[in-house]
>>> print(open('structure_38.cif').read())   # mmCIF, C-alpha atoms
data_coords
loop_
_atom_site.label_atom_id
_atom_site.label_comp_id
_atom_site.auth_asym_id
_atom_site.auth_seq_id
_atom_site.Cartn_x
_atom_site.Cartn_y
_atom_site.Cartn_z
CA MET A 1 27.77 -16.52 47.61
CA GLY A 2 31.38 -16.95 46.53
CA ILE A 3 32.76 -18.07 43.22
CA SER A 4 35.07 -21.03 42.80
CA THR A 5 38.63 -20.25 41.87
CA ASP A 6 38.79 -21.68 38.37
CA ILE A 7 35.54 -20.07 37.33
CA TYR A 8 36.64 -16.78 38.89
CA ASP A 9 39.96 -16.93 37.03
CA GLU A 10 38.22 -17.68 33.78
CA LEU A 11 35.82 -14.75 34.25
CA ASN A 12 38.61 -12.46 35.37
CA ASN A 13 40.47 -13.22 32.16
CA ILE A 14 37.41 -12.34 30.12
CA SER A 15 36.14 -9.39 32.17
CA SER A 16 37.69 -8.04 35.34
CA VAL A 17 34.61 -5.85 35.75
CA LEU A 18 32.32 -8.83 36.06
CA ALA A 19 34.74 -10.76 38.24
CA ALA A 20 34.78 -7.88 40.68
CA ILE A 21 31.02 -7.99 41.16
CA ASP A 22 29.92 -9.74 44.31
CA LYS A 23 27.87 -12.77 43.32
CA LYS A 24 24.62 -12.12 45.14
CA ASN A 25 21.20 -13.61 44.67
CA ILE A 26 18.90 -10.72 44.08
CA PHE A 27 15.78 -12.86 43.85
CA SER A 28 13.66 -13.97 46.75
CA VAL A 29 11.16 -16.79 47.20
CA PRO A 30 8.12 -16.95 49.46
CA GLU A 31 8.94 -18.21 52.92
CA GLY A 32 8.79 -21.99 53.25
CA TYR A 33 8.46 -22.44 49.49
CA PHE A 34 11.00 -25.24 49.21
CA GLU A 35 9.54 -27.08 52.21
CA ILE A 36 6.12 -27.46 50.61
CA LEU A 37 7.21 -27.81 46.98
CA SER A 38 7.58 -31.60 47.07
CA ILE A 39 4.15 -31.96 48.70
CA ASP A 40 2.55 -29.77 46.01
CA VAL A 41 4.19 -31.72 43.20
CA LEU A 42 3.24 -35.11 44.62
CA LYS A 43 -0.33 -33.92 45.12
CA GLN A 44 -0.53 -33.03 41.44
CA ILE A 45 1.07 -36.31 40.39
CA ASN A 46 -1.29 -38.37 42.55
CA THR A 47 -4.34 -36.55 41.25
CA GLY A 48 -3.23 -37.21 37.70
CA SER A 49 -2.25 -40.83 38.24
CA SER A 50 -5.46 -41.76 40.04
CA GLU A 51 -7.42 -40.49 37.03
CA ILE A 52 -5.30 -42.63 34.75
CA GLU A 53 -5.93 -45.71 36.88
CA LYS A 54 -9.70 -45.14 36.84
CA SER A 55 -9.78 -44.84 33.08
CA LYS A 56 -7.92 -48.12 32.73
CA LEU A 57 -10.42 -50.05 34.85
CA SER A 58 -13.80 -48.90 33.67
CA VAL A 59 -15.69 -46.88 31.11
CA PRO A 60 -18.12 -44.29 32.47
CA ALA A 61 -21.81 -45.25 32.15
CA GLY A 62 -23.24 -44.27 28.77
CA TYR A 63 -19.78 -43.46 27.43
CA PHE A 64 -20.22 -45.12 24.07
CA GLU A 65 -23.78 -43.85 23.67
CA ASN A 66 -22.61 -40.28 24.07
CA LEU A 67 -19.31 -40.65 22.26
CA SER A 68 -20.44 -39.25 18.90
CA SER A 69 -22.10 -36.18 20.40
CA SER A 70 -19.10 -35.72 22.65
CA VAL A 71 -16.76 -35.76 19.64
CA LEU A 72 -18.99 -33.29 17.78
CA ASN A 73 -19.01 -31.01 20.79
CA GLN A 74 -15.26 -31.14 20.90
CA ILE A 75 -15.05 -30.22 17.24
CA LYS A 76 -17.43 -27.37 17.91
CA SER A 77 -15.42 -26.23 20.89
CA LEU A 78 -12.29 -26.30 18.74
CA ASN A 79 -13.86 -23.72 16.48
CA GLU A 80 -14.98 -21.71 19.46
CA GLY A 81 -11.50 -22.13 20.89
CA ALA A 82 -9.98 -20.18 18.02
CA SER A 83 -12.34 -17.35 18.75
CA HIS A 84 -11.55 -17.44 22.47
CA GLU A 85 -7.87 -17.59 21.67
CA LEU A 86 -8.12 -14.55 19.43
CA ARG A 87 -10.07 -12.68 22.08
CA ALA A 88 -7.35 -13.47 24.61
CA LEU A 89 -4.55 -12.61 22.20
CA SER A 90 -5.98 -9.43 20.82
CA PRO A 91 -9.36 -8.00 21.82
CA MET A 92 -8.96 -5.45 19.03
CA LEU A 93 -8.59 -8.15 16.33
CA TYR A 94 -11.44 -10.12 17.93
CA SER A 95 -13.78 -7.12 17.76
CA ILE A 96 -13.16 -6.66 14.04
CA GLN A 97 -13.09 -10.38 13.26
CA ASN A 98 -16.39 -10.45 11.35
CA GLU A 99 -16.13 -7.12 9.59
CA ASN A 100 -15.74 -7.49 5.85
CA VAL A 101 -14.00 -4.71 3.98
CA PHE A 102 -14.90 -6.08 0.55
CA GLU A 103 -18.09 -5.30 -1.34
CA VAL A 104 -20.03 -7.25 -3.95
CA PRO A 105 -22.42 -5.83 -6.55
CA SER A 106 -26.03 -5.64 -5.44
CA GLY A 107 -27.87 -8.95 -5.98
CA TYR A 108 -24.63 -10.73 -6.88
CA PHE A 109 -25.29 -13.82 -4.81
CA LYS A 110 -28.89 -14.08 -6.00
CA SER A 111 -27.87 -14.27 -9.65
CA LEU A 112 -24.63 -16.15 -9.09
CA GLN A 113 -26.18 -19.61 -9.18
CA GLU A 114 -28.10 -18.85 -12.36
CA ASP A 115 -25.03 -17.35 -14.04
CA ILE A 116 -22.95 -20.40 -13.27
CA LEU A 117 -25.66 -22.78 -14.44
CA ASN A 118 -25.95 -20.84 -17.68
CA LYS A 119 -22.26 -21.28 -18.27
CA ILE A 120 -22.31 -24.98 -17.43
CA ILE A 121 -25.41 -25.94 -19.42
CA THR A 122 -24.82 -24.91 -23.04
CA LYS A 123 -27.68 -24.80 -25.52
CA PRO A 124 -27.66 -27.68 -28.03
CA ALA A 125 -26.24 -26.70 -31.42
CA LYS A 126 -28.38 -26.94 -34.50
CA ILE A 127 -27.73 -30.23 -36.26
CA VAL A 128 -27.54 -30.23 -40.03
CA GLU A 129 -28.24 -33.54 -41.61
CA ILE A 130 -25.53 -34.61 -44.05
CA LYS A 131 -25.84 -37.39 -46.54
CA LYS A 132 -23.00 -39.82 -46.17
CA ARG A 133 -23.00 -41.13 -49.69
CA ASP A 134 -20.93 -38.31 -51.16
CA SER A 135 -18.47 -36.16 -49.29
CA ILE A 136 -19.05 -33.34 -51.74
CA TRP A 137 -22.51 -32.82 -50.30
CA LYS A 138 -21.06 -32.43 -46.90
CA TYR A 139 -19.02 -29.46 -48.16
CA ALA A 140 -21.98 -28.09 -50.03
CA ALA A 141 -24.20 -28.23 -46.95
CA ALA A 142 -21.48 -26.43 -45.07
CA ALA A 143 -21.58 -23.72 -47.68
CA VAL A 144 -25.30 -23.38 -47.11
CA VAL A 145 -24.83 -23.09 -43.39
CA THR A 146 -22.13 -20.49 -43.90
CA GLY A 147 -24.61 -18.18 -45.56
CA PHE A 148 -26.63 -17.37 -48.58
CA ILE A 149 -23.89 -15.27 -50.08
CA GLY A 150 -21.76 -18.33 -50.40
CA LEU A 151 -24.62 -20.21 -51.90
CA SER A 152 -25.47 -17.47 -54.36
CA ALA A 153 -21.85 -17.19 -55.34
CA LEU A 154 -21.90 -20.89 -55.89
CA ILE A 155 -24.96 -20.62 -58.08
CA ASN A 156 -23.51 -17.70 -60.00
CA TYR A 157 -20.39 -19.66 -60.52
CA ASN A 158 -22.44 -22.57 -61.74
CA SER A 159 -24.09 -20.21 -64.22
CA SER A 160 -20.75 -19.96 -66.03
CA GLN A 161 -19.83 -16.58 -64.62
CA PRO A 162 -16.09 -16.08 -65.10
CA THR A 163 -15.40 -14.81 -61.56
CA PRO A 164 -17.07 -15.21 -58.17
CA ALA A 165 -19.48 -12.45 -57.16
CA SER A 166 -17.50 -9.43 -56.17
CA THR A 167 -19.44 -6.32 -57.14
CA ASP A 168 -22.41 -4.84 -55.31
CA ASN A 169 -24.76 -5.75 -58.14
CA GLU A 170 -23.65 -9.31 -58.17
CA ILE A 171 -24.09 -9.63 -54.41
CA THR A 172 -27.57 -8.14 -54.59
CA SER A 173 -28.35 -10.59 -57.35
CA SER A 174 -27.10 -13.45 -55.16
CA PHE A 175 -29.40 -12.40 -52.36
CA LYS A 176 -32.35 -12.31 -54.72
CA ILE A 177 -31.64 -15.78 -55.96
CA ALA A 178 -31.04 -17.07 -52.43
CA ALA A 179 -34.32 -15.57 -51.31
CA GLU A 180 -36.12 -17.85 -53.74
CA PHE A 181 -35.32 -20.82 -51.58
CA LYS A 182 -38.00 -21.19 -48.93
CA ASN A 183 -36.34 -23.75 -46.71
CA GLU A 184 -33.28 -25.84 -46.15
CA HIS A 185 -34.75 -28.73 -48.09
CA GLN A 186 -35.05 -26.61 -51.20
CA ILE A 187 -31.46 -25.40 -50.74
CA ASN A 188 -30.20 -28.95 -50.44
CA ALA A 189 -32.18 -29.89 -53.52
CA ALA A 190 -30.64 -27.00 -55.48
CA ILE A 191 -27.16 -27.96 -54.38
CA ALA A 192 -27.83 -31.54 -55.40
CA MET A 193 -28.37 -30.33 -58.96
CA LEU A 194 -24.99 -28.60 -59.12
CA PRO A 195 -22.14 -30.37 -60.88
CA ASP A 196 -19.49 -31.68 -58.48
CA GLU A 197 -16.76 -29.79 -60.35
CA ASP A 198 -18.55 -26.48 -59.78
CA ILE A 199 -18.83 -27.10 -56.07
CA ILE A 200 -15.17 -28.08 -55.82
CA SER A 201 -14.13 -25.02 -57.75
CA TYR A 202 -16.26 -22.86 -55.52
CA LEU A 203 -14.81 -24.31 -52.37
CA SER A 204 -11.29 -23.84 -53.73
CA ALA A 205 -12.06 -20.20 -54.40
CA THR A 206 -13.49 -19.44 -50.92
CA GLY A 207 -11.72 -18.96 -47.59
CA ASN A 208 -10.91 -21.08 -44.60
CA ASP A 209 -14.12 -20.19 -42.84
CA ILE A 210 -15.99 -22.69 -44.88
CA ASP A 211 -13.37 -25.37 -44.24
CA ASN A 212 -13.71 -24.75 -40.55
CA GLU A 213 -17.45 -24.99 -40.82
CA VAL A 214 -17.10 -28.22 -42.73
CA LEU A 215 -14.88 -29.58 -40.02
CA SER A 216 -17.28 -28.59 -37.30
CA THR A 217 -20.15 -30.32 -39.02
CA ALA A 218 -18.15 -33.40 -39.89
CA ILE A 219 -16.80 -33.90 -36.39
CA ASN A 220 -18.53 -36.10 -33.89
CA VAL A 221 -17.78 -34.43 -30.56
CA ASN A 222 -17.86 -37.75 -28.76
CA GLU A 223 -14.98 -39.01 -30.86
CA LEU A 224 -12.69 -36.05 -30.30
CA PRO A 225 -9.28 -36.87 -28.83
CA SER A 226 -8.90 -35.97 -25.19
CA THR A 227 -6.37 -33.46 -23.86
CA ASN A 228 -4.26 -36.36 -22.62
CA ASP A 229 -4.16 -37.85 -26.11
CA TYR A 230 -2.52 -34.65 -27.35
CA LEU A 231 -0.01 -34.75 -24.56
CA ILE A 232 0.91 -38.38 -25.14
CA ASP A 233 1.29 -38.19 -28.90
CA GLU A 234 1.99 -35.00 -30.84
CA LYS A 235 0.63 -36.61 -34.01
CA THR A 236 -2.79 -37.08 -32.44
CA LEU A 237 -4.33 -34.24 -34.41
CA ASP A 238 -2.93 -35.45 -37.73
CA ILE A 239 -4.15 -38.98 -37.07
CA TYR A 240 -7.58 -37.73 -36.12
CA LEU A 241 -7.92 -35.54 -39.23
CA ASN A 242 -6.83 -38.43 -41.41
CA GLN A 243 -9.52 -40.58 -39.82
CA ILE A 244 -12.15 -37.97 -40.62
CA GLU A 245 -10.92 -37.79 -44.17
CA GLN A 246 -10.99 -41.56 -44.41
CA ASN A 247 -14.50 -41.77 -42.98
CA SER A 248 -15.81 -39.13 -45.32
CA LYS A 249 -14.50 -41.09 -48.33
CA ASN A 250 -16.24 -44.28 -47.21
CA MET B 1 22.81 -30.51 57.22
CA VAL B 2 20.68 -32.58 54.88
CA VAL B 3 22.47 -35.65 53.60
CA HIS B 4 21.26 -36.56 50.15
CA LYS B 5 21.30 -40.09 48.94
CA ASP B 6 23.30 -41.10 45.90
CA ASP B 7 21.40 -40.71 42.56
CA LYS B 8 21.85 -44.36 41.67
CA GLU B 9 20.32 -45.42 44.95
CA LEU B 10 17.42 -43.01 44.49
CA LEU B 11 16.77 -44.34 41.00
CA TYR B 12 16.80 -47.89 42.31
CA LEU B 13 14.31 -46.98 45.01
CA PHE B 14 12.12 -45.16 42.49
CA LYS B 15 11.76 -48.34 40.45
CA ASN B 16 10.46 -50.17 43.48
CA ALA B 17 6.71 -49.60 43.90
CA ASP B 18 6.92 -49.43 47.68
CA SER B 19 9.61 -46.77 47.76
CA LYS B 20 8.71 -44.95 44.56
CA GLU B 21 7.10 -41.91 46.17
CA SER B 22 9.68 -41.46 48.88
CA ALA B 23 12.49 -41.79 46.34
CA PHE B 24 10.86 -39.20 44.13
CA THR B 25 10.45 -36.83 47.08
CA ALA B 26 14.12 -37.29 47.86
CA ILE B 27 15.11 -36.50 44.27
CA LEU B 28 12.87 -33.48 44.30
CA LYS B 29 14.28 -32.18 47.58
CA LYS B 30 17.83 -32.81 46.44
CA TYR B 31 17.54 -30.79 43.21
CA GLN B 32 14.58 -28.47 43.68
CA GLU B 33 16.55 -25.40 44.72
CA LYS B 34 19.23 -25.65 42.06
CA LEU B 35 16.60 -26.20 39.38
CA TYR B 36 14.33 -23.52 40.76
CA TRP B 37 17.07 -20.88 40.56
CA HIS B 38 18.09 -22.02 37.11
CA ILE B 39 14.51 -21.62 35.96
CA ARG B 40 13.93 -18.42 37.92
CA ARG B 41 16.92 -16.70 36.31
CA LEU B 42 15.46 -17.53 32.92
CA VAL B 43 11.82 -16.63 33.50
CA ILE B 44 12.46 -14.05 36.28
CA ASP B 45 9.01 -14.17 37.87
CA HIS B 46 8.50 -16.47 40.86
CA ASP B 47 5.02 -17.63 39.86
CA ASP B 48 6.25 -18.47 36.36
CA ALA B 49 9.26 -20.28 37.81
CA ASP B 50 6.99 -22.22 40.13
CA ASP B 51 4.73 -23.28 37.24
CA VAL B 52 7.67 -24.36 35.12
CA LEU B 53 9.32 -26.22 37.99
CA GLN B 54 6.17 -28.11 38.96
CA ASN B 55 5.43 -29.01 35.35
CA MET B 56 8.96 -30.23 34.84
CA PHE B 57 8.81 -32.44 37.93
CA ILE B 58 5.53 -33.96 36.75
CA LYS B 59 7.33 -34.80 33.50
CA VAL B 60 10.23 -36.18 35.50
CA TRP B 61 7.82 -38.51 37.36
CA LYS B 62 6.47 -39.81 34.05
CA GLY B 63 9.88 -40.11 32.40
CA LEU B 64 11.98 -41.41 35.25
CA GLU B 65 10.82 -45.01 34.70
CA ASN B 66 12.55 -44.97 31.33
CA PHE B 67 15.55 -42.93 32.43
CA ARG B 68 18.74 -44.47 31.09
CA GLU B 69 21.30 -44.69 33.82
CA ASP B 70 24.18 -44.20 31.45
CA SER B 71 23.48 -40.45 31.68
CA GLN B 72 23.56 -38.47 34.90
CA LEU B 73 20.28 -37.67 36.62
CA TYR B 74 21.56 -34.17 37.41
CA THR B 75 22.31 -33.46 33.73
CA TRP B 76 18.97 -34.90 32.65
CA LEU B 77 17.06 -32.74 35.14
CA TYR B 78 18.85 -29.60 34.01
CA ARG B 79 18.05 -30.42 30.41
CA ILE B 80 14.36 -30.80 31.19
CA ALA B 81 14.37 -27.60 33.25
CA THR B 82 16.07 -25.69 30.43
CA ASN B 83 13.71 -27.04 27.78
CA GLU B 84 10.64 -26.33 29.90
CA SER B 85 11.83 -22.77 30.53
CA LEU B 86 12.50 -22.18 26.86
CA THR B 87 9.12 -23.64 25.94
CA PHE B 88 7.50 -21.34 28.47
CA LEU B 89 9.33 -18.31 27.06
CA GLU B 90 8.48 -19.39 23.51
CA GLN B 91 4.79 -19.55 24.38
CA ARG B 92 5.03 -16.13 25.94
CA LYS B 93 6.85 -14.84 22.88
CA LYS B 94 3.98 -15.98 20.67
CA ARG B 95 1.49 -14.15 22.85
CA ASN B 96 3.61 -11.02 23.10
CA LEU B 97 4.20 -10.82 19.37
CA VAL B 98 0.56 -9.93 18.97
CA SER B 99 0.75 -7.10 21.49
CA LEU B 100 4.00 -5.91 19.88
CA ASP B 101 5.92 -6.59 23.07
CA THR B 102 9.02 -8.76 23.33
CA VAL B 103 9.91 -11.38 25.87
CA GLU B 104 13.15 -9.58 26.64
CA ASN B 105 11.33 -6.35 27.38
CA GLY B 106 8.88 -8.31 29.47
CA LEU B 107 11.67 -9.88 31.51
CA VAL B 108 13.42 -6.54 31.98
CA ASN B 109 10.15 -4.98 33.06
CA LYS B 110 9.66 -7.77 35.56
CA LEU B 111 13.10 -7.16 36.97
CA LYS B 112 12.40 -3.47 37.31
CA ALA B 113 9.08 -4.20 38.94
CA ASP B 114 10.79 -6.13 41.73
CA SER B 115 10.31 -4.37 45.05
CA ASN B 116 14.06 -4.65 45.71
CA PHE B 117 15.10 -3.30 42.34
CA ASP B 118 17.86 -0.71 42.53
CA ALA B 119 19.27 0.46 39.22
CA ASN B 120 22.39 1.78 40.92
CA ARG B 121 23.42 -1.53 42.42
CA LEU B 122 25.80 -3.63 40.35
CA GLU B 123 24.01 -6.93 40.92
CA TRP B 124 20.85 -5.47 39.41
CA LYS B 125 22.84 -4.00 36.53
CA LEU B 126 24.32 -7.43 36.03
CA GLN B 127 20.85 -8.94 35.83
CA LEU B 128 19.72 -6.29 33.37
CA GLY B 129 22.85 -7.03 31.32
CA ILE B 130 22.05 -10.75 31.31
CA GLN B 131 18.58 -10.02 29.98
CA GLN B 132 20.09 -8.24 26.97
CA LEU B 133 21.76 -11.47 25.87
CA PRO B 134 20.40 -13.83 23.24
CA GLU B 135 18.57 -16.80 24.80
CA LYS B 136 21.34 -19.38 24.37
CA GLN B 137 24.07 -17.08 25.69
CA ARG B 138 21.87 -16.23 28.66
CA ILE B 139 21.53 -19.90 29.56
CA VAL B 140 25.25 -20.57 29.13
CA PHE B 141 26.20 -17.56 31.24
CA ASN B 142 23.77 -18.49 34.02
CA LEU B 143 24.88 -22.12 34.12
CA ARG B 144 28.54 -21.15 34.25
CA TYR B 145 28.39 -18.06 36.42
CA TYR B 146 25.73 -19.06 38.95
CA ASP B 147 25.65 -22.85 38.83
CA GLU B 148 29.36 -23.15 38.12
CA MET B 149 28.65 -26.01 35.83
CA PRO B 150 31.67 -27.61 34.12
CA TYR B 151 31.60 -27.25 30.32
CA GLU B 152 31.60 -31.01 29.96
CA GLU B 153 28.30 -31.29 31.84
CA MET B 154 26.87 -28.19 30.19
CA SER B 155 27.69 -29.79 26.88
CA ARG B 156 25.42 -32.72 27.81
CA VAL B 157 22.65 -30.47 29.11
CA LEU B 158 22.56 -28.20 26.08
CA GLU B 159 23.79 -30.77 23.56
CA THR B 160 26.40 -28.31 22.30
CA SER B 161 30.15 -28.70 21.93
CA GLU B 162 32.36 -27.48 24.75
CA GLY B 163 34.17 -25.14 22.36
CA ALA B 164 30.92 -23.47 21.33
CA LEU B 165 29.90 -23.12 24.98
CA LYS B 166 33.21 -21.48 25.89
CA ALA B 167 32.79 -19.06 23.01
CA SER B 168 29.22 -18.31 24.09
CA TYR B 169 30.30 -17.64 27.66
CA HIS B 170 33.09 -15.36 26.45
CA HIS B 171 30.75 -13.34 24.22
CA ALA B 172 28.13 -13.19 26.95
CA ALA B 173 30.56 -11.88 29.57
CA LYS B 174 31.92 -9.26 27.18
CA LYS B 175 28.43 -8.06 26.28
CA ILE B 176 27.41 -7.81 29.93
CA GLU B 177 30.57 -5.92 30.76
CA GLU B 178 29.89 -3.48 27.95
CA PHE B 179 26.30 -3.06 29.14
CA ILE B 180 27.37 -2.35 32.71
CA LEU B 181 30.06 0.11 31.67
CA ASN B 182 27.68 1.99 29.39
CA SER B 183 24.71 2.04 31.72
#
>>> encode(input="structure_38.cif", output="structure tokens")
Amino acid sequence: MGISTDIYDELNNISSVLAAIDKKNIFSVPEGYFEILSIDVLKQINTGSSEIEKSKLSVPAGYFENLSSSVLNQIKSLNEGASHELRALSPMLYSIQNENVFEVPSGYFKSLQEDILNKIITKPAKIVEIKKRDSIWKYAAAAVVTGFIGLSALINYNSSQPTPASTDNEITSSFKIAAEFKNEHQINAAIAMLPDEDIISYLSATGNDIDNEVLSTAINVNELPSTNDYLIDEKTLDIYLNQIEQNSKN
Amino acid sequence: MVVHKDDKELLYLFKNADSKESAFTAILKKYQEKLYWHIRRLVIDHDDADDVLQNMFIKVWKGLENFREDSQLYTWLYRIATNESLTFLEQRKKRNLVSLDTVENGLVNKLKADSNFDANRLEWKLQLGIQQLPEKQRIVFNLRYYDEMPYEEMSRVLETSEGALKASYHHAAKKIEEFILNS
């Protein structure tokens, strides 16, 4: 097998070593391979084309009846195919395919459902009835909910004490007084007898906890702004609080 | 001596239902050896080359109806043969990646497994040197060195500029030379 002049010259310019090598074909083919190649190819083509022709002309009997199960089987075989593929690619990986190296605490899956349900279904909060006629009562009721200490302090304050309860004796006294109330109704009744000014003074003298409690009792959860509302308008919270304030005055 | 018909005539006959098969056989016989050796030099093994060649001719049968005669049949066939060989090697590469083997090592091993292999003979050293080349350079070198394909045609087969092909051939030849001298 020679080499044409221009290609030889080109190669000789690049590498005289390569140009000096006799261009021989080192590969061999089975005897008669090229004689039968065209027959083999045509045989394959004809087999394929005859199948195409058949499918154009008719549908096999029961084709549509079995179509759904056939599709499902194919889907199933696809899943199996991945397993076969892995086995072919790497028997080692295939053999360890279903081994799990991770552990879970004992009984985890048994309690999982219950744990999730407990988180999803929250227990209903205790509802404190608030009279709408006077917003002061709303704050007073909140004080009751906050705790008896607040209430006793309120009562002490109402008894013309110069400062809110702050010593141990005064606190003990507050508890004693608070203990006299048997139920929420009695507490509400006692608060109703307090002058508005006293309650306002008390609330001014106590911390934010009570304000928060007031808010939580005054808020109707169903009317809360959504997350999107906050994103759309940064004044959403201000507007909402103003509405609450407005409602409580009405 | 076998006298091959002109490509245009063969294409005309292929489009006629009565002469389709005979025209295809004629095309196949005209190009089978050139294409076989092109494929064989890329995939090394005869059985692999046979699979690739038969698959490519089945694709040629399906695609020849729509073949645009503004491009040469010869160029088109080489392009299909090259793509089919690369696809074959790519598939093998994916398989071999898992077994931590490389296609290049596989091809070298196949060469060495040949019953005629002789590490001291230059032509075998040359083949081993070709296998060290990156895929594209290997194709360019084979097409130029063995098939003596003009750069203009090679440019159409590989859809690469003639300048880039010349550079590839130059680098390939230099690398093979270095391999032979150091082996």
>>> closest_atom_pairs(input="structure_38.cif", of="chain A", to="chain B", cutoff="9 Å", atoms="all atoms listed in the file", output="CSV")
residue,atom,partner,partner_atom,distance
A:Ile3,CA,B:Glu148,CA,8.0
A:Ser4,CA,B:Glu148,CA,7.7
A:Ile7,CA,B:Glu148,CA,7.0
A:Tyr8,CA,B:Tyr145,CA,8.7
A:Leu11,CA,B:Ala173,CA,7.6
A:Ile14,CA,B:His170,CA,6.4
A:Ser15,CA,B:Lys174,CA,6.5
A:Ser16,CA,B:Glu177,CA,8.7
A:Val17,CA,B:Glu177,CA,6.4
A:Leu18,CA,B:Glu177,CA,6.3
A:Ile21,CA,B:Leu122,CA,6.8
A:Asp22,CA,B:Glu123,CA,7.4
A:Lys23,CA,B:Glu123,CA,7.4
A:Lys24,CA,B:Glu123,CA,6.7
A:Asn25,CA,B:Glu123,CA,8.2
A:Ile26,CA,B:Glu123,CA,7.1
A:Phe27,CA,B:Arg40,CA,8.3
A:Ser28,CA,B:His46,CA,8.2
A:Val29,CA,B:His46,CA,6.9
A:Pro30,CA,B:His46,CA,8.6
A:Phe34,CA,B:Glu33,CA,7.1
A:Glu35,CA,B:Lys29,CA,8.4
A:Leu37,CA,B:Gln54,CA,8.1
A:Ser38,CA,B:Thr25,CA,6.0
A:Ile39,CA,B:Thr25,CA,8.1
A:Asp40,CA,B:Gln54,CA,8.1
A:Val41,CA,B:Gln54,CA,5.9
A:Leu42,CA,B:Thr25,CA,7.8
A:Gln44,CA,B:Ile58,CA,7.7
A:Ile45,CA,B:Ile58,CA,6.2
A:Leu89,CA,B:Arg95,CA,6.3
A:Ser90,CA,B:Val98,CA,6.8
>>> write_last_selection(input="structure_38.cif", atoms="C-alpha atoms", output="compact mmCIF listing (two decimals), in the frame of the given file")
# COMPACT_ATOMS: atom_id res chain seq x y z
CA ILE A 3 32.76 -18.07 43.22
CA SER A 4 35.07 -21.03 42.80
CA ILE A 7 35.54 -20.07 37.33
CA TYR A 8 36.64 -16.78 38.89
CA LEU A 11 35.82 -14.75 34.25
CA ILE A 14 37.41 -12.34 30.12
CA SER A 15 36.14 -9.39 32.17
CA SER A 16 37.69 -8.04 35.34
CA VAL A 17 34.61 -5.85 35.75
CA LEU A 18 32.32 -8.83 36.06
CA ILE A 21 31.02 -7.99 41.16
CA ASP A 22 29.92 -9.74 44.31
CA LYS A 23 27.87 -12.77 43.32
CA LYS A 24 24.62 -12.12 45.14
CA ASN A 25 21.20 -13.61 44.67
CA ILE A 26 18.90 -10.72 44.08
CA PHE A 27 15.78 -12.86 43.85
CA SER A 28 13.66 -13.97 46.75
CA VAL A 29 11.16 -16.79 47.20
CA PRO A 30 8.12 -16.95 49.46
CA PHE A 34 11.00 -25.24 49.21
CA GLU A 35 9.54 -27.08 52.21
CA LEU A 37 7.21 -27.81 46.98
CA SER A 38 7.58 -31.60 47.07
CA ILE A 39 4.15 -31.96 48.70
CA ASP A 40 2.55 -29.77 46.01
CA VAL A 41 4.19 -31.72 43.20
CA LEU A 42 3.24 -35.11 44.62
CA GLN A 44 -0.53 -33.03 41.44
CA ILE A 45 1.07 -36.31 40.39
CA LEU A 89 -4.55 -12.61 22.20
CA SER A 90 -5.98 -9.43 20.82
>>> closest_residue(input="structure_38.cif", among="B:Leu13, B:Ala49, B:Leu73, B:Met154", to="B:Asn142", atoms="only C-alpha atoms")
B:Met154
>>> resolve_selection(input="structure_38.cif", expression="the PyMOL selection byres ((chain B and resi 5) around 10)", output="list of chain:residue names")
B:Val2, B:Val3, B:His4, B:Asp6, B:Asp7, B:Lys8, B:Glu9, B:Leu10, B:Ala23, B:Ala26, B:Ile27, B:Lys30
>>> atom_distance(input="structure_38.cif", atom1="atom CA of B:Gly129", atom2="atom CA of B:Asn109")
13.0 Å
>>> atom_distance(input="structure_38.cif", atom1="atom CA of A:Leu241", atom2="atom CA of A:Leu224")
10.1 Å
>>> atom_distance(input="structure_38.cif", atom1="atom CA of B:Tyr78", atom2="atom CA of B:Val157")
6.3 Å
>>> closest_residue(input="structure_38.cif", among="B:Phe141, B:Tyr12, B:Tyr74, B:Phe67", to="B:Tyr31", atoms="only C-alpha atoms")
B:Tyr74
>>> closest_residue(input="structure_38.cif", among="B:Arg68, B:Asn182, B:Leu42, B:Gln91", to="B:Gln131", atoms="all atoms listed in the file")
B:Leu42
>>> residues_around(input="structure_38.cif", residues="B:Lys136", least_positions_apart="2", cutoff="12 Å", atoms="all atoms listed in the file", output="ChimeraX atom specification")
/B:42,82-83,85-86,130-134,138-143,154,158-160,164-165,167-169,171-172
>>> closest_residue(input="structure_38.cif", among="B:Val43, B:Ala17, B:Leu128, B:Val108", to="B:Glu90", atoms="all atoms listed in the file")
B:Val43
